[in-house]
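This report refers to the structure that appears directly beneath it.
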Amino acid sequence: MRPNSAPDNHPDSGLNHNPVIAAYNLSKTFGQTAALRDVSFEVHAGEIFGLLGPNGAGKTTTVRLLACLYEPTGGSGKVLGLDITDEDSTERIRERIGMLTESPGLYDRLNALEYLDFFGDLYGMPAAARRASAERLLKMLGIWDRRTDRLAKYSKGMKQKIAVARTLIHDPQVIFLDEPTSGLDPESAKVVRDYVLELKAEKQRTFVLCTHNLAEAERLCDRIALVNQGRIVALGTADELRARLAGGRERLCKLHVRERAAELAEVVRGLAAGHGDISGVEQAGDVITYSTADAEKMNPLIVETVVKAGGHIVALNEAEQSLENVYLELMHDSREAD
Ligand SMILES: Nc1ncnc2c1ncn2[C@@H]1O[C@H](COP(=O)(O)OP(=O)(O)O)[C@@H](O)[C@H]1O
Ligand SMILES: [Mg+2]
């Protein structure tokens, strides 16, 4: 028996009836290894959805399940309205998605045109359609003039761009990119990332991108699922993930005053003495720093008190949590929970 495709506990229940891609309690075990455990998420049209996590987290397994390259052990999923656990739809799903696997084979002896043509042929496209699509993609990459150069002659970044282009040969609406920049030097990685953003801007496509690179996820993805040990440990925009960690935790604030900083720092210390929510008041030059777990309540109070004491406030800033801190902390938490 195939698992039921409509569990009642999927995310955003009732809010979005038409996700382009959905995973519902998706699980996969390989022998003793639980590669994926009860993973659920929905991806909407036009989004770049990131699966971010360390090696072995389950990212590749997730996209392979969605691309119908593996069969789930439990749960279900949908791609373009088709059930990934329904044998009748797997062929149709494969035809309508593009998939860049980890370290794709580079057919160095082919030229760019032959390479794209080869993959178009795998999709069963007629010659004229393959040719038209390859021409469009190579023109977009700005290398139509070099179409007969062997891939061996291209730079690493350019080769990888062509590998991404090949996933688009049949103009799929859904594209899975598994670690598209891993193994590339920073410059080539940027070339590929910029290309992904161009593709996103060009027309409505929906991407799932696997990466272990935090900066990449932050730059490319509209929403990010942090994956660790086969589970999603957090999901949201980069800003939401940052806010989630900052919520209920200490935030470092910097109050920049025009003069009398030492005196005003004493005023803030006085306030801190009466409020457990303010701590660590320090002053250096014109800047008074303090920590608070309730910035929304305490910052206005501090501003009011400093102004009443005759202080001139130039600026009040909260030091932003870096996504890296969020990432490290969530990874740490999820390991402890195991
Ligand atoms: N074909 C497979 N056979 C056995 N174990 C696998 C297979 N694919 C993945 N795994 C295991 O599943 C876990 C998740 O792997 P993977 O999805 O490749 O992670 P990621 O892509 O995040 O690095 C790892 O422990 C990995 O060793
Ligand atoms: Mg992987």
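Residue numbering restarts at 1 in every chain; chains get A, B, ... in the order shown in the structure tokens, and ligands count up from 1 in that same order.
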Proximity check chain A to ligand 2, 8 Å, nearest pairs one decimal Å, only C-alpha atoms and all ligand atoms, as a tab-separated table:
```
residue	atom	partner	partner_atom_place_in_ligand_line	distance
A:Asn55	CA	ligand 2	1 (Mg)	6.5
A:Gly56	CA	ligand 2	1 (Mg)	6.7
A:Ala57	CA	ligand 2	1 (Mg)	7.8
A:Gly58	CA	ligand 2	1 (Mg)	6.9
A:Lys59	CA	ligand 2	1 (Mg)	5.4
A:Thr60	CA	ligand 2	1 (Mg)	4.1
A:Thr61	CA	ligand 2	1 (Mg)	7.2
A:Glu102	CA	ligand 2	1 (Mg)	6.6
A:Asp178	CA	ligand 2	1 (Mg)	6.6
A:Glu179	CA	ligand 2	1 (Mg)	6.9
A:Cys210	CA	ligand 2	1 (Mg)	7.1
A:Thr211	CA	ligand 2	1 (Mg)	7.8
```
Please, which residues in range 200-238 of chain A fall within 10 Å of range 42-45 of chain A when counting only C-alpha atoms, and what is the closest atom pair and distance in Å to one decimal for each, ordered by chain then residue number, as CSV?
```
residue,atom,partner,partner_atom,distance
A:Gln204,CA,A:Ala45,CA,7.0
A:Arg205,CA,A:Ala45,CA,6.7
A:Thr206,CA,A:Ala45,CA,5.4
A:Phe207,CA,A:Val43,CA,8.4
A:Val208,CA,A:Val43,CA,8.1
A:Asp222,CA,A:Val43,CA,10.0
A:Arg223,CA,A:Val43,CA,8.8
```
Using only C-alpha atoms and all ligand atoms, determine which residues fall within 12 Å of ligand 1, then list them as a VMD selection string. chain A and resid 27 to 37 50 to 65 69 to 71 101 to 103 177 to 179 182 209 to 213 225 to 232
Members of range 169-209 of chain A assigned alpha helix (DSSP H) by DSSP, as a list of chain:residue names: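 Across range 169-209 of chain A, those assigned alpha helix (DSSP H) are A:Pro186, A:Glu187, A:Ser188, A:Ala189, A:Lys190, A:Val191, A:Val192, A:Arg193, A:Asp194, A:Tyr195, A:Val196, A:Leu197, A:Glu198, A:Leu199, A:Lys200, A:Ala201, A:Glu202.
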Just the residues within 12 Å of range 237-243 of chain A, please, counting only C-alpha atoms, with nothing from its chain fewer than 2 positions along; format it as a PyMOL selection string. chain A and resi 47-52+214-226+233-235+245-251+319-330
Set the distance at 10 Å and use only C-alpha atoms: which residues neighbour Lys153 in chain A once local chain neighbours fewer than 5 positions away are removed? I'd like the list as a VMD selection string. chain A and resid 108 to 109 111 146 158 to 159
Okay, now the selection with C-alpha atoms, as a PDB file, in the first residue's frame?
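Heads up, here's the output in result.pdb:
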```
ATOM      1  CA  ASP A 108      34.320  17.937 -21.581  1.00  0.00           C
ATOM      2  CA  ARG A 109      34.605  16.575 -25.070  1.00  0.00           C
ATOM      3  CA  ASN A 111      30.764  21.544 -27.147  1.00  0.00           C
ATOM      4  CA  ARG A 146      31.349  30.025 -28.462  1.00  0.00           C
ATOM      5  CA  MET A 158      30.936  28.879 -17.004  1.00  0.00           C
ATOM      6  CA  LYS A 159      30.851  25.073 -17.082  1.00  0.00           C
TER       7      LYS A 159
END
```
Residues at most 10 Å from Pro19 in chain A, counting only C-alpha atoms, excluding those fewer than 2 positions away in the same chain, as a list of chain:residue names? A:Asp12, A:Asn16, A:His17, A:Ile21, A:Ala22, A:Ala23, A:Phe41, A:Glu42, A:Val43, A:His44, A:Ala45, A:Lys78, A:Val79, A:Leu80, A:Gly81
Could you please take those selected residues and save N, CA and C atoms as a PDB file, in the first residue's frame?
```
ATOM      1  N   ASP A  12       0.701  25.040   6.803  1.00  0.00           N
ATOM      2  CA  ASP A  12      -0.130  26.064   6.130  1.00  0.00           C
ATOM      3  C   ASP A  12      -1.492  25.496   5.759  1.00  0.00           C
ATOM      4  N   ASN A  16      -2.844  27.729   1.823  1.00  0.00           N
ATOM      5  CA  ASN A  16      -2.396  27.684   0.443  1.00  0.00           C
ATOM      6  C   ASN A  16      -2.736  26.323  -0.133  1.00  0.00           C
ATOM      7  N   HIS A  17      -3.662  26.330  -1.061  1.00  0.00           N
ATOM      8  CA  HIS A  17      -4.128  25.054  -1.578  1.00  0.00           C
ATOM      9  C   HIS A  17      -3.315  24.579  -2.754  1.00  0.00           C
ATOM     10  N   ILE A  21       5.290  22.737  -4.967  1.00  0.00           N
ATOM     11  CA  ILE A  21       5.994  21.559  -4.447  1.00  0.00           C
ATOM     12  C   ILE A  21       5.566  21.401  -2.992  1.00  0.00           C
ATOM     13  N   ALA A  22       5.329  20.175  -2.572  1.00  0.00           N
ATOM     14  CA  ALA A  22       4.985  19.958  -1.166  1.00  0.00           C
ATOM     15  C   ALA A  22       5.536  18.635  -0.681  1.00  0.00           C
ATOM     16  N   ALA A  23       5.998  18.647   0.548  1.00  0.00           N
ATOM     17  CA  ALA A  23       6.412  17.414   1.217  1.00  0.00           C
ATOM     18  C   ALA A  23       5.543  17.291   2.453  1.00  0.00           C
ATOM     19  N   PHE A  41       6.983  20.570   4.119  1.00  0.00           N
ATOM     20  CA  PHE A  41       7.089  21.981   3.722  1.00  0.00           C
ATOM     21  C   PHE A  41       6.342  22.180   2.419  1.00  0.00           C
ATOM     22  N   GLU A  42       6.055  23.441   2.115  1.00  0.00           N
ATOM     23  CA  GLU A  42       5.407  23.754   0.844  1.00  0.00           C
ATOM     24  C   GLU A  42       6.198  24.848   0.151  1.00  0.00           C
ATOM     25  N   VAL A  43       6.285  24.760  -1.131  1.00  0.00           N
ATOM     26  CA  VAL A  43       7.002  25.765  -1.910  1.00  0.00           C
ATOM     27  C   VAL A  43       6.027  26.383  -2.894  1.00  0.00           C
ATOM     28  N   HIS A  44       6.024  27.700  -2.947  1.00  0.00           N
ATOM     29  CA  HIS A  44       5.051  28.399  -3.783  1.00  0.00           C
ATOM     30  C   HIS A  44       5.666  28.828  -5.113  1.00  0.00           C
ATOM     31  N   ALA A  45       4.808  29.104  -6.064  1.00  0.00           N
ATOM     32  CA  ALA A  45       5.248  29.475  -7.411  1.00  0.00           C
ATOM     33  C   ALA A  45       6.193  30.675  -7.353  1.00  0.00           C
ATOM     34  N   LYS A  78       3.939  16.362  -3.291  1.00  0.00           N
ATOM     35  CA  LYS A  78       3.343  16.749  -4.568  1.00  0.00           C
ATOM     36  C   LYS A  78       4.281  17.654  -5.328  1.00  0.00           C
ATOM     37  N   VAL A  79       4.303  17.469  -6.625  1.00  0.00           N
ATOM     38  CA  VAL A  79       5.038  18.361  -7.511  1.00  0.00           C
ATOM     39  C   VAL A  79       4.097  18.713  -8.645  1.00  0.00           C
ATOM     40  N   LEU A  80       3.830  19.999  -8.825  1.00  0.00           N
ATOM     41  CA  LEU A  80       2.929  20.464  -9.879  1.00  0.00           C
ATOM     42  C   LEU A  80       1.595  19.717  -9.842  1.00  0.00           C
ATOM     43  N   GLY A  81       1.105  19.525  -8.632  1.00  0.00           N
ATOM     44  CA  GLY A  81      -0.196  18.894  -8.461  1.00  0.00           C
ATOM     45  C   GLY A  81      -0.184  17.382  -8.597  1.00  0.00           C
TER      46      GLY A  81
END
```
Could you check how far CA of Asn18 in chain A sits from CA of Leu122 in chain A, in Å to one decimal?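 Result for CA of Asn18 in chain A versus CA of Leu122 in chain A: 29.3 Å, one decimal.
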Just the number, please: distance in Å from CA of Asp83 in chain A to CA of Glu202 in chain A, one decimal.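 CA of Asp83 in chain A sits 27.9 Å away from CA of Glu202 in chain A.
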Any idea what the distance is between CA of Ser40 in chain A and CA of Gly77 in chain A?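 Answer for the CA of Ser40 in chain A to CA of Gly77 in chain A separation: 8.6 Å.
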